[in-house]
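A.B. asks: work_37.cif (mmCIF, C-alpha atoms and all ligand atoms) pasted underneath:
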```cif
data_work
#
loop_
_atom_site.label_atom_id
_atom_site.label_comp_id
_atom_site.auth_asym_id
_atom_site.auth_seq_id
_atom_site.Cartn_x
_atom_site.Cartn_y
_atom_site.Cartn_z
CA MET A 1 -40.12 1.85 -58.98
CA LYS A 2 -41.63 2.28 -62.44
CA ASN A 3 -43.67 5.24 -63.72
CA GLU A 4 -46.56 2.97 -64.51
CA GLU A 5 -46.66 1.37 -61.06
CA LEU A 6 -46.46 4.75 -59.37
CA PHE A 7 -49.25 6.14 -61.54
CA GLU A 8 -51.41 3.17 -60.54
CA ARG A 9 -50.67 3.74 -56.88
CA ALA A 10 -51.13 7.50 -57.17
CA GLN A 11 -54.60 7.15 -58.62
CA ARG A 12 -55.76 5.18 -55.61
CA SER A 13 -55.01 7.94 -53.08
CA ILE A 14 -54.99 11.13 -55.18
CA PRO A 15 -57.76 12.11 -57.65
CA ALA A 16 -56.36 11.21 -61.12
CA GLY A 17 -53.04 10.62 -59.37
CA VAL A 18 -51.96 14.25 -59.55
CA ASN A 19 -52.05 17.44 -57.51
CA SER A 20 -52.68 19.73 -60.50
CA PRO A 21 -54.76 18.57 -63.49
CA VAL A 22 -52.48 19.01 -66.53
CA ARG A 23 -49.85 16.74 -64.96
CA ALA A 24 -52.17 13.78 -65.50
CA PHE A 25 -51.43 13.72 -69.28
CA ARG A 26 -55.16 13.48 -70.03
CA SER A 27 -54.77 15.76 -73.04
CA VAL A 28 -51.93 13.81 -74.65
CA GLY A 29 -52.71 10.39 -73.19
CA GLY A 30 -50.31 7.91 -71.63
CA VAL A 31 -48.44 7.68 -68.37
CA PRO A 32 -46.70 10.77 -66.99
CA PRO A 33 -43.08 10.25 -65.94
CA PHE A 34 -42.73 10.56 -62.16
CA LEU A 35 -39.81 12.89 -61.69
CA ALA A 36 -37.14 12.27 -59.11
CA ARG A 37 -34.26 14.68 -59.70
CA ALA A 38 -33.34 17.78 -61.68
CA GLU A 39 -30.21 19.69 -62.58
CA GLY A 40 -29.71 22.61 -64.95
CA ALA A 41 -31.74 21.97 -68.11
CA TYR A 42 -32.49 18.33 -67.24
CA VAL A 43 -34.93 16.27 -65.21
CA TRP A 44 -34.75 12.53 -64.46
CA ASP A 45 -37.68 10.23 -63.84
CA VAL A 46 -37.88 7.39 -61.31
CA GLU A 47 -36.71 4.95 -63.99
CA GLY A 48 -33.51 6.96 -64.42
CA LYS A 49 -34.45 8.33 -67.85
CA ARG A 50 -33.13 11.83 -68.54
CA TYR A 51 -35.11 14.57 -70.32
CA VAL A 52 -34.31 18.06 -71.60
CA ASP A 53 -36.93 20.01 -69.66
CA TYR A 54 -39.02 22.70 -71.37
CA VAL A 55 -41.62 22.89 -68.60
CA GLY A 56 -39.39 24.24 -65.85
CA SER A 57 -42.05 23.67 -63.20
CA TRP A 58 -44.38 25.67 -65.51
CA GLY A 59 -42.13 28.71 -65.49
CA PRO A 60 -40.39 29.24 -62.15
CA MET A 61 -37.09 27.53 -62.98
CA LEU A 62 -35.77 30.43 -65.07
CA ALA A 63 -32.24 30.07 -63.69
CA GLY A 64 -32.23 26.32 -64.35
CA HIS A 65 -32.87 23.49 -61.91
CA THR A 66 -31.05 23.27 -58.57
CA HIS A 67 -28.88 26.28 -59.31
CA PRO A 68 -26.13 26.19 -56.64
CA ALA A 69 -26.79 29.79 -55.53
CA VAL A 70 -30.49 29.08 -55.03
CA VAL A 71 -29.90 25.78 -53.24
CA ALA A 72 -27.36 27.46 -50.93
CA ALA A 73 -29.77 30.32 -50.16
CA ILE A 74 -32.52 27.86 -49.28
CA ALA A 75 -30.20 25.81 -47.04
CA GLU A 76 -28.89 28.90 -45.29
CA ALA A 77 -32.39 30.30 -44.69
CA ALA A 78 -33.77 26.95 -43.51
CA SER A 79 -30.90 26.48 -41.08
CA ARG A 80 -31.87 29.78 -39.41
CA ALA A 81 -35.66 29.38 -39.44
CA ILE A 82 -38.34 27.65 -41.47
CA SER A 83 -41.19 29.98 -40.59
CA PHE A 84 -41.93 32.81 -38.16
CA GLY A 85 -45.22 34.42 -39.18
CA ALA A 86 -43.48 37.69 -38.31
CA PRO A 87 -41.65 40.34 -40.36
CA THR A 88 -38.16 39.50 -41.67
CA GLN A 89 -35.42 41.42 -43.44
CA ALA A 90 -35.43 39.07 -46.44
CA GLU A 91 -39.00 39.98 -47.37
CA VAL A 92 -38.08 43.68 -47.31
CA ASP A 93 -35.12 42.89 -49.58
CA LEU A 94 -37.38 40.99 -51.98
CA ALA A 95 -40.06 43.70 -51.95
CA GLU A 96 -37.44 46.37 -52.70
CA LEU A 97 -36.00 44.35 -55.56
CA ILE A 98 -39.46 43.78 -57.09
CA CYS A 99 -40.25 47.51 -56.81
CA LYS A 100 -36.94 48.28 -58.50
CA LEU A 101 -37.32 45.79 -61.35
CA VAL A 102 -41.02 46.04 -62.23
CA PRO A 103 -41.72 49.56 -63.54
CA SER A 104 -45.28 50.10 -62.24
CA VAL A 105 -44.83 48.54 -58.80
CA GLU A 106 -44.50 51.10 -55.98
CA GLN A 107 -45.56 48.77 -53.18
CA VAL A 108 -45.95 45.02 -53.10
CA ARG A 109 -47.45 42.40 -50.82
CA LEU A 110 -46.21 38.82 -50.87
CA VAL A 111 -48.57 35.84 -50.90
CA SER A 112 -47.99 32.13 -51.52
CA SER A 113 -49.31 31.49 -55.04
CA GLY A 114 -50.34 33.15 -58.26
CA THR A 115 -53.96 32.31 -57.53
CA GLU A 116 -53.79 34.18 -54.25
CA ALA A 117 -52.18 37.14 -55.99
CA THR A 118 -54.90 37.50 -58.65
CA MET A 119 -57.67 36.89 -56.10
CA THR A 120 -56.26 39.70 -53.97
CA ALA A 121 -55.80 41.99 -56.98
CA ILE A 122 -59.46 41.56 -57.95
CA ARG A 123 -60.66 42.23 -54.41
CA LEU A 124 -58.41 45.25 -54.20
CA ALA A 125 -59.71 46.63 -57.51
CA ARG A 126 -63.29 46.14 -56.35
CA GLY A 127 -62.61 47.70 -52.95
CA TYR A 128 -60.81 50.65 -54.52
CA THR A 129 -63.45 51.40 -57.17
CA GLY A 130 -66.56 50.33 -55.26
CA ARG A 131 -67.64 48.38 -58.38
CA ASP A 132 -68.30 44.65 -58.84
CA ALA A 133 -67.79 43.73 -62.48
CA ILE A 134 -64.51 42.49 -63.89
CA VAL A 135 -63.35 41.94 -67.47
CA LYS A 136 -61.20 39.00 -68.50
CA PHE A 137 -60.30 37.42 -71.83
CA GLU A 138 -61.21 34.01 -73.14
CA GLY A 139 -58.25 31.66 -72.88
CA CYS A 140 -56.44 33.73 -70.26
CA TYR A 141 -55.84 31.84 -67.03
CA HIS A 142 -55.50 33.71 -63.77
CA GLY A 143 -55.51 30.89 -61.23
CA HIS A 144 -58.49 29.03 -59.88
CA ALA A 145 -60.42 31.64 -57.89
CA ASP A 146 -64.19 31.54 -58.56
CA SER A 147 -64.64 34.80 -60.43
CA LEU A 148 -61.67 34.02 -62.70
CA LEU A 149 -62.62 30.49 -63.68
CA VAL A 150 -64.77 31.68 -66.52
CA LYS A 151 -63.54 30.71 -69.97
CA ALA A 152 -60.10 30.16 -68.51
CA GLY A 153 -57.11 28.59 -70.27
CA SER A 154 -54.47 26.04 -69.23
CA GLY A 155 -55.89 22.90 -67.60
CA ALA A 156 -59.41 24.29 -67.91
CA LEU A 157 -58.89 24.45 -71.67
CA THR A 158 -57.20 21.12 -71.99
CA PHE A 159 -60.31 19.47 -70.67
CA GLY A 160 -62.64 21.42 -72.92
CA ASN A 161 -64.26 22.54 -69.68
CA PRO A 162 -64.01 26.29 -69.88
CA SER A 163 -65.63 27.08 -66.58
CA SER A 164 -65.90 24.85 -63.55
CA ALA A 165 -68.61 23.15 -61.54
CA GLY A 166 -68.88 24.68 -58.11
CA VAL A 167 -68.63 28.28 -59.27
CA PRO A 168 -71.90 30.03 -58.36
CA ALA A 169 -73.68 31.53 -61.37
CA ASP A 170 -73.99 34.72 -59.31
CA THR A 171 -70.23 34.96 -59.03
CA ALA A 172 -69.62 34.27 -62.71
CA SER A 173 -72.24 36.87 -63.63
CA HIS A 174 -69.89 39.63 -62.48
CA THR A 175 -67.27 38.48 -64.98
CA PHE A 176 -67.43 39.82 -68.53
CA VAL A 177 -65.42 37.78 -71.01
CA ALA A 178 -63.96 39.39 -74.13
CA ASP A 179 -61.78 38.13 -76.98
CA TYR A 180 -58.03 38.53 -76.56
CA ASN A 181 -56.61 41.04 -79.07
CA ASP A 182 -60.07 42.41 -79.94
CA SER A 183 -59.75 46.11 -79.10
CA ALA A 184 -63.06 47.08 -80.71
CA GLN A 185 -64.92 44.66 -78.48
CA VAL A 186 -63.27 46.10 -75.36
CA LYS A 187 -64.25 49.62 -76.41
CA LYS A 188 -67.82 48.52 -76.95
CA LEU A 189 -67.94 46.79 -73.57
CA PHE A 190 -66.71 49.93 -71.81
CA ALA A 191 -69.10 52.12 -73.77
CA GLU A 192 -72.02 49.99 -72.56
CA LYS A 193 -70.93 48.91 -69.08
CA GLY A 194 -68.03 51.20 -68.16
CA GLY A 195 -69.60 52.50 -64.95
CA ARG A 196 -69.85 48.97 -63.53
CA ILE A 197 -66.36 47.77 -64.35
CA ALA A 198 -63.91 47.56 -61.44
CA CYS A 199 -61.02 46.18 -63.45
CA VAL A 200 -59.64 44.52 -66.53
CA ILE A 201 -57.33 41.60 -65.86
CA VAL A 202 -55.14 40.34 -68.68
CA GLU A 203 -52.10 38.24 -69.38
CA PRO A 204 -50.11 40.89 -71.28
CA VAL A 205 -48.62 38.00 -73.26
CA ALA A 206 -51.09 35.11 -73.19
CA GLY A 207 -49.32 31.95 -72.08
CA ASN A 208 -52.15 29.68 -70.99
CA MET A 209 -53.71 29.09 -74.42
CA ASN A 210 -50.36 28.12 -75.89
CA LEU A 211 -48.56 31.43 -76.60
CA VAL A 212 -50.44 34.37 -78.11
CA LEU A 213 -48.73 37.73 -78.46
CA PRO A 214 -50.59 41.01 -77.91
CA GLN A 215 -51.28 42.68 -81.24
CA ARG A 216 -50.15 46.25 -81.67
CA GLY A 217 -52.59 48.57 -79.93
CA PHE A 218 -54.37 45.96 -77.80
CA LEU A 219 -52.65 46.64 -74.46
CA GLU A 220 -52.72 50.37 -75.26
CA THR A 221 -56.51 50.20 -75.71
CA LEU A 222 -56.90 48.46 -72.36
CA ARG A 223 -54.84 51.19 -70.71
CA GLU A 224 -56.84 53.97 -72.36
CA GLU A 225 -60.27 52.50 -71.64
CA CYS A 226 -59.44 51.78 -67.99
CA THR A 227 -58.15 55.31 -67.49
CA ARG A 228 -61.14 56.86 -69.22
CA HIS A 229 -63.68 54.88 -67.19
CA GLY A 230 -61.91 54.84 -63.81
CA ALA A 231 -61.25 51.08 -63.88
CA VAL A 232 -58.13 49.38 -62.59
CA LEU A 233 -55.86 47.71 -65.16
CA ILE A 234 -54.34 44.50 -63.81
CA PHE A 235 -51.48 42.85 -65.66
CA ASP A 236 -51.27 39.25 -64.57
CA GLU A 237 -47.53 38.73 -64.92
CA VAL A 238 -47.41 35.52 -62.91
CA MET A 239 -45.96 33.84 -65.99
CA THR A 240 -44.42 36.75 -67.89
CA GLY A 241 -42.76 38.49 -64.93
CA PHE A 242 -38.94 38.50 -65.23
CA ARG A 243 -39.27 36.15 -68.21
CA VAL A 244 -40.66 38.15 -71.14
CA ALA A 245 -38.22 40.86 -70.04
CA LEU A 246 -36.49 41.63 -66.75
CA GLY A 247 -39.24 44.14 -65.95
CA GLY A 248 -41.96 41.86 -67.32
CA ALA A 249 -44.26 42.43 -70.27
CA GLN A 250 -45.02 45.93 -69.01
CA ALA A 251 -41.37 46.86 -69.56
CA ARG A 252 -41.21 45.14 -72.95
CA TYR A 253 -44.36 46.82 -74.29
CA GLY A 254 -44.10 50.08 -72.35
CA ILE A 255 -47.54 50.00 -70.73
CA ARG A 256 -48.07 50.92 -67.08
CA PRO A 257 -50.78 48.84 -65.38
CA ASP A 258 -52.28 49.93 -62.05
CA LEU A 259 -51.75 46.54 -60.42
CA THR A 260 -49.46 43.65 -61.29
CA THR A 261 -49.63 40.08 -60.08
CA LEU A 262 -46.50 37.98 -59.89
CA GLY A 263 -45.68 34.37 -59.02
CA LYS A 264 -43.67 31.51 -60.50
CA VAL A 265 -40.17 33.05 -61.00
CA ILE A 266 -40.32 35.21 -57.83
CA GLY A 267 -40.32 32.05 -55.74
CA GLY A 268 -37.54 30.36 -57.71
CA GLY A 269 -39.49 27.09 -57.43
CA LEU A 270 -40.88 27.61 -53.92
CA PRO A 271 -44.37 29.03 -53.33
CA VAL A 272 -44.31 32.82 -53.59
CA GLY A 273 -46.80 35.13 -55.27
CA ALA A 274 -47.18 38.89 -55.10
CA VAL A 275 -49.56 41.70 -55.86
CA GLY A 276 -48.10 45.15 -56.37
CA GLY A 277 -48.79 48.45 -57.99
CA ARG A 278 -49.74 52.04 -57.37
CA ARG A 279 -49.28 53.09 -53.75
CA GLU A 280 -52.69 54.74 -53.64
CA ILE A 281 -54.37 51.40 -54.44
CA MET A 282 -52.03 49.19 -52.42
CA GLU A 283 -52.74 51.28 -49.32
CA LYS A 284 -56.33 50.05 -49.40
CA LEU A 285 -55.04 46.68 -48.14
CA ALA A 286 -55.54 45.72 -44.48
CA PRO A 287 -54.42 46.86 -41.97
CA LEU A 288 -54.00 50.30 -43.63
CA GLY A 289 -57.24 50.08 -45.58
CA PRO A 290 -60.55 48.23 -45.73
CA VAL A 291 -59.63 45.42 -48.17
CA TYR A 292 -58.83 42.28 -46.20
CA GLN A 293 -55.99 39.94 -47.16
CA ALA A 294 -53.76 37.73 -45.03
CA GLY A 295 -51.62 34.56 -45.11
CA THR A 296 -50.06 32.37 -42.42
CA LEU A 297 -47.08 31.51 -44.61
CA SER A 298 -46.94 34.75 -46.65
CA GLY A 299 -43.35 35.91 -47.02
CA ASN A 300 -42.08 32.57 -45.73
CA PRO A 301 -38.33 32.99 -45.13
CA VAL A 302 -37.21 29.87 -47.03
CA ALA A 303 -39.41 30.65 -50.04
CA VAL A 304 -38.32 34.28 -50.04
CA ALA A 305 -34.65 33.23 -49.92
CA ALA A 306 -35.18 31.08 -53.02
CA GLY A 307 -36.94 33.91 -54.81
CA LEU A 308 -34.38 36.50 -53.88
CA ALA A 309 -31.46 34.30 -54.98
CA THR A 310 -33.23 33.60 -58.29
CA LEU A 311 -34.03 37.25 -58.99
CA LYS A 312 -30.44 38.24 -58.27
CA LEU A 313 -29.28 35.79 -60.95
CA VAL A 314 -31.92 36.97 -63.39
CA ALA A 315 -30.97 40.62 -62.87
CA GLU A 316 -27.31 39.97 -63.75
CA SER A 317 -26.27 41.68 -66.95
CA GLY A 318 -26.41 39.48 -70.04
CA PHE A 319 -28.73 36.93 -68.40
CA THR A 320 -31.84 37.84 -70.39
CA GLU A 321 -29.94 38.32 -73.66
CA LYS A 322 -28.43 34.85 -73.55
CA LEU A 323 -31.78 33.28 -72.71
CA GLU A 324 -33.50 35.08 -75.57
CA SER A 325 -30.90 34.00 -78.09
CA THR A 326 -31.13 30.36 -76.96
CA THR A 327 -34.92 30.50 -77.20
CA ARG A 328 -34.73 32.13 -80.63
CA ALA A 329 -32.34 29.42 -81.89
CA LEU A 330 -34.71 26.73 -80.60
CA VAL A 331 -37.79 28.24 -82.20
CA ASP A 332 -36.15 29.00 -85.55
CA GLY A 333 -34.68 25.50 -85.66
CA LEU A 334 -38.02 23.86 -84.90
CA ALA A 335 -39.79 25.93 -87.56
CA GLN A 336 -37.14 24.84 -90.05
CA GLU A 337 -37.55 21.16 -89.15
CA GLY A 338 -41.32 21.49 -89.53
CA LYS A 339 -40.84 23.00 -92.96
CA ARG A 340 -38.38 20.30 -94.00
CA ALA A 341 -40.98 17.66 -93.07
CA ASP A 342 -43.66 19.67 -94.91
CA VAL A 343 -45.88 19.80 -91.84
CA ALA A 344 -48.26 22.71 -91.23
CA PHE A 345 -46.31 24.02 -88.27
CA SER A 346 -45.14 27.33 -86.86
CA ALA A 347 -43.34 28.53 -83.76
CA GLN A 348 -42.54 31.83 -82.07
CA CYS A 349 -41.07 33.18 -78.86
CA VAL A 350 -40.94 36.23 -76.67
CA GLY A 351 -38.21 36.44 -74.06
CA SER A 352 -37.77 32.84 -72.92
CA MET A 353 -41.37 31.74 -73.52
CA PHE A 354 -42.18 29.90 -76.72
CA GLY A 355 -45.20 28.54 -78.57
CA LEU A 356 -45.36 25.57 -80.97
CA TYR A 357 -48.38 25.41 -83.26
CA PHE A 358 -49.56 22.74 -85.63
CA ARG A 359 -50.93 25.32 -88.06
CA ALA A 360 -49.18 27.35 -90.75
CA THR A 361 -48.89 30.63 -88.84
CA PRO A 362 -48.87 31.58 -85.15
CA PRO A 363 -52.41 32.18 -83.81
CA GLN A 364 -53.45 35.72 -82.90
CA SER A 365 -56.65 34.83 -81.09
CA PHE A 366 -58.23 32.14 -78.98
CA ALA A 367 -60.26 30.98 -82.00
CA GLU A 368 -57.07 30.52 -84.01
CA VAL A 369 -55.46 28.56 -81.18
CA MET A 370 -58.42 26.21 -81.37
CA GLN A 371 -57.66 25.61 -85.05
CA CYS A 372 -54.31 23.99 -84.24
CA ASP A 373 -54.10 20.26 -84.99
CA ARG A 374 -54.22 18.82 -81.50
CA GLU A 375 -54.03 15.20 -82.56
CA ARG A 376 -50.81 15.91 -84.44
CA PHE A 377 -49.36 17.74 -81.48
CA ASN A 378 -50.09 14.73 -79.29
CA ARG A 379 -48.20 12.37 -81.59
CA PHE A 380 -45.33 14.85 -81.85
CA PHE A 381 -45.30 15.22 -78.06
CA HIS A 382 -44.97 11.48 -77.47
CA ALA A 383 -42.28 11.11 -80.13
CA MET A 384 -40.31 13.86 -78.38
CA LEU A 385 -40.86 12.42 -74.90
CA GLU A 386 -39.70 9.03 -76.12
CA GLN A 387 -36.44 10.69 -77.23
CA GLY A 388 -35.92 12.45 -73.91
CA ILE A 389 -37.44 15.85 -74.67
CA TYR A 390 -39.97 16.93 -72.09
CA LEU A 391 -42.48 19.40 -73.55
CA ALA A 392 -45.62 20.57 -71.75
CA PRO A 393 -48.16 17.74 -72.05
CA SER A 394 -50.81 19.81 -73.82
CA ALA A 395 -51.19 21.71 -77.08
CA TYR A 396 -52.46 24.67 -75.04
CA GLU A 397 -49.40 25.40 -72.92
CA ALA A 398 -46.43 27.65 -73.59
CA GLY A 399 -42.88 26.31 -73.31
CA PHE A 400 -40.08 27.65 -71.14
CA VAL A 401 -36.34 27.85 -71.65
CA SER A 402 -33.94 28.33 -68.74
CA ALA A 403 -30.50 29.90 -68.46
CA ALA A 404 -29.08 26.38 -68.19
CA HIS A 405 -30.24 25.52 -71.71
CA GLY A 406 -27.59 26.05 -74.36
CA LYS A 407 -26.50 24.96 -77.81
CA LYS A 408 -26.07 21.35 -76.73
CA GLU A 409 -29.67 21.07 -75.53
CA VAL A 410 -31.06 22.96 -78.53
CA ASP A 411 -29.18 20.69 -80.94
CA ALA A 412 -30.44 17.58 -79.15
CA THR A 413 -33.97 18.95 -79.30
CA LEU A 414 -33.76 19.71 -83.03
CA ALA A 415 -32.38 16.25 -83.78
CA ALA A 416 -35.27 14.71 -81.88
CA ALA A 417 -37.72 17.03 -83.63
CA ARG A 418 -36.53 15.82 -87.03
CA VAL A 419 -37.52 12.29 -86.07
CA ALA A 420 -40.76 13.42 -84.42
CA PHE A 421 -41.86 15.51 -87.42
CA ALA A 422 -41.23 12.52 -89.68
CA THR A 423 -43.67 10.48 -87.58
CA VAL A 424 -46.43 13.10 -87.92
CA SER A 425 -45.97 14.22 -91.53
C1 LIG B 1 -49.72 30.02 -63.23
C2 LIG B 1 -50.54 31.22 -63.38
C3 LIG B 1 -51.41 31.65 -62.37
C4 LIG B 1 -51.68 30.83 -61.14
O1 LIG B 1 -50.57 30.70 -60.32
P1 LIG B 1 -50.56 29.50 -59.25
O2 LIG B 1 -49.28 29.73 -58.50
O3 LIG B 1 -50.60 28.24 -60.04
O4 LIG B 1 -51.76 29.65 -58.39
C5 LIG B 1 -52.06 32.85 -62.54
N1 LIG B 1 -51.89 33.59 -63.64
C6 LIG B 1 -51.07 33.21 -64.64
C7 LIG B 1 -50.90 34.09 -65.83
C8 LIG B 1 -50.39 32.00 -64.56
O5 LIG B 1 -49.62 31.60 -65.58
#
```
Output the file's structure in the form of structure tokens.
C.D. replies:
Amino acid sequence: MKNEELFERAQRSIPAGVNSPVRAFRSVGGVPPFLARAEGAYVWDVEGKRYVDYVGSWGPMLAGHTHPAVVAAIAEAASRAISFGAPTQAEVDLAELICKLVPSVEQVRLVSSGTEATMTAIRLARGYTGRDAIVKFEGCYHGHADSLLVKAGSGALTFGNPSSAGVPADTASHTFVADYNDSAQVKKLFAEKGGRIACVIVEPVAGNMNLVLPQRGFLETLREECTRHGAVLIFDEVMTGFRVALGGAQARYGIRPDLTTLGKVIGGGLPVGAVGGRREIMEKLAPLGPVYQAGTLSGNPVAVAAGLATLKLVAESGFTEKLESTTRALVDGLAQEGKRADVAFSAQCVGSMFGLYFRATPPQSFAEVMQCDRERFNRFFHAMLEQGIYLAPSAYEAGFVSAAHGKKEVDATLAAARVAFATVS
């Protein structure tokens, strides 16, 4: 079976042929490879072509693909039970490990996706404060719940379609949107509307508008303003959790949010999300408190086994250090190749997330992200794909390195980049 044939077939029975928009390659054009197999740092498509993978299922595959310990944990769990809908020991083990690793999390509830986690966090913040308004930042993506699909990033950005049809104007009207890294604007918003604001939700490192790092003082301002005005600070660490640092961005930057949402890595590639935080807030959740939340497959034993096995690998000493040095070597090498080709290009990383930008310096705001040369990225992307390097198919996505990536993969990537930069210079 060929990619092209499958894409044809897919589009007949699935809208655009995909089950999540960015996979359709609309931003970069062309036919997406249909993937069939993965191992370590590599994925193979149905035509048997091998790629070095920098998507990693959009973040979850931190330990590398089909890690033997994770595969064994899944097989063992599945051989005992696939689902109960009743309490299990494994979910207690996972909850305890999350509470231990993520500094601000005292209690945690497991759900099945990042979207569910952020949706629950918002409801919890509203139930706890008795207020309706929320604050989010342009270009930050928090899943596809109604109130959060306002000026969102990721696929919503790729399509130049910042909000979505089907979101009631009434719902969106409770969402205030501010500029990422603009502390003065946040202060002004709180000064004017503080009494109405239930929460601020933020990606502490923005990874859905390419990669944008928090400027010094930005996260601190959010913490101070939320405390001063009795609002809940939510760090959406669905992407950054266990990746930007073992304890997430909150550990790296030393800021304690009230609630944290997790996903991606905590499922190790199977569907797990989580919302956790201060006990006093978490105890508002049903059946202890008045904020309703539930899930038939929440804490699914097979998914939890995958997550637990992955987190145990990630928590091993030296794991994060090796990842960071591989990512650093990749980013420095790419920047050097860009310079050699005399292309306006920059790159940066934090933990094992990286951003590639077709502009001279890394962007510090959504507006600067929009100044990147998208057309050039698209040509670079296809030149890399052609040579077996699988980058995220959009100029507005971050890249991910796994523990299975090493010098060999970095060298192969840099060699391919030299050719790719020559085609775009
Ligand atoms: C991926 C992501 C989500 C959504 O998670 P899903 O599992 O895709 O629903 C939410 N927030 C952030 C920061 C993400 O990167």
A.B. asks: At a cut-off of 8 Å and counting only C-alpha atoms and all ligand atoms, what residues surround ligand LIG 1 (chain B)? Please answer as a list in words.
C.D. replies: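 Sorted by chain and then by number, the residues are Trp58, Ser112, Ser113, Gly114, Thr115, Glu116, Ala117, Thr118, Cys140, Tyr141, His142, Gly143, His144, Glu203, Ala206, Gly207, Asn208, Asp236, Glu237, Val238, Met239, Thr240, Thr261, Leu262, Gly263, Lys264, Pro271, Val272 and Gly273 of chain A.
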A.B. asks: Go ahead and write the residues just picked, C-alpha atoms, as a PDB file, in the frame of the given file.
C.D. replies:
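After the write, result-v5.pdb holds the following:
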```
ATOM      1  CA  TRP A  58     -44.380  25.670 -65.510  1.00  0.00           C
ATOM      2  CA  SER A 112     -47.990  32.130 -51.520  1.00  0.00           C
ATOM      3  CA  SER A 113     -49.310  31.490 -55.040  1.00  0.00           C
ATOM      4  CA  GLY A 114     -50.340  33.150 -58.260  1.00  0.00           C
ATOM      5  CA  THR A 115     -53.960  32.310 -57.530  1.00  0.00           C
ATOM      6  CA  GLU A 116     -53.790  34.180 -54.250  1.00  0.00           C
ATOM      7  CA  ALA A 117     -52.180  37.140 -55.990  1.00  0.00           C
ATOM      8  CA  THR A 118     -54.900  37.500 -58.650  1.00  0.00           C
ATOM      9  CA  CYS A 140     -56.440  33.730 -70.260  1.00  0.00           C
ATOM     10  CA  TYR A 141     -55.840  31.840 -67.030  1.00  0.00           C
ATOM     11  CA  HIS A 142     -55.500  33.710 -63.770  1.00  0.00           C
ATOM     12  CA  GLY A 143     -55.510  30.890 -61.230  1.00  0.00           C
ATOM     13  CA  HIS A 144     -58.490  29.030 -59.880  1.00  0.00           C
ATOM     14  CA  GLU A 203     -52.100  38.240 -69.380  1.00  0.00           C
ATOM     15  CA  ALA A 206     -51.090  35.110 -73.190  1.00  0.00           C
ATOM     16  CA  GLY A 207     -49.320  31.950 -72.080  1.00  0.00           C
ATOM     17  CA  ASN A 208     -52.150  29.680 -70.990  1.00  0.00           C
ATOM     18  CA  ASP A 236     -51.270  39.250 -64.570  1.00  0.00           C
ATOM     19  CA  GLU A 237     -47.530  38.730 -64.920  1.00  0.00           C
ATOM     20  CA  VAL A 238     -47.410  35.520 -62.910  1.00  0.00           C
ATOM     21  CA  MET A 239     -45.960  33.840 -65.990  1.00  0.00           C
ATOM     22  CA  THR A 240     -44.420  36.750 -67.890  1.00  0.00           C
ATOM     23  CA  THR A 261     -49.630  40.080 -60.080  1.00  0.00           C
ATOM     24  CA  LEU A 262     -46.500  37.980 -59.890  1.00  0.00           C
ATOM     25  CA  GLY A 263     -45.680  34.370 -59.020  1.00  0.00           C
ATOM     26  CA  LYS A 264     -43.670  31.510 -60.500  1.00  0.00           C
ATOM     27  CA  PRO A 271     -44.370  29.030 -53.330  1.00  0.00           C
ATOM     28  CA  VAL A 272     -44.310  32.820 -53.590  1.00  0.00           C
ATOM     29  CA  GLY A 273     -46.800  35.130 -55.270  1.00  0.00           C
TER      30      GLY A 273
END
```
A.B. asks: Using all atoms listed in the file for the distances, tell me which of A:Gly399, A:Gly277, A:Pro363, A:Pro393 is nearest to Gly30 of chain A.
C.D. replies: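 Of the candidates, the smallest distance to Gly30 of chain A is held by A:Pro393.
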A.B. asks: Rank nothing, just name the residue among A:Pro214, A:Gly241, A:Pro103, A:Gly48 nearest to Val265 of chain A, using only C-alpha atoms.
C.D. replies: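 Ranked by minimum distance to Val265 of chain A, first place goes to A:Gly241.
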A.B. asks: Just the number, please: distance in Å from atom CA of Gln11 of chain A to atom CA of Ser27 of chain A, one decimal.
C.D. replies: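 Atom CA of Gln11 of chain A sits 16.8 Å away from atom CA of Ser27 of chain A.
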A.B. asks: Taking all atoms listed in the file into account, which of A:Ser352, A:Thr361, A:Thr423, A:Gln185 comes nearest Ala403 of chain A?
C.D. replies: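 For Ala403 of chain A, the nearest of the given residues is A:Ser352.
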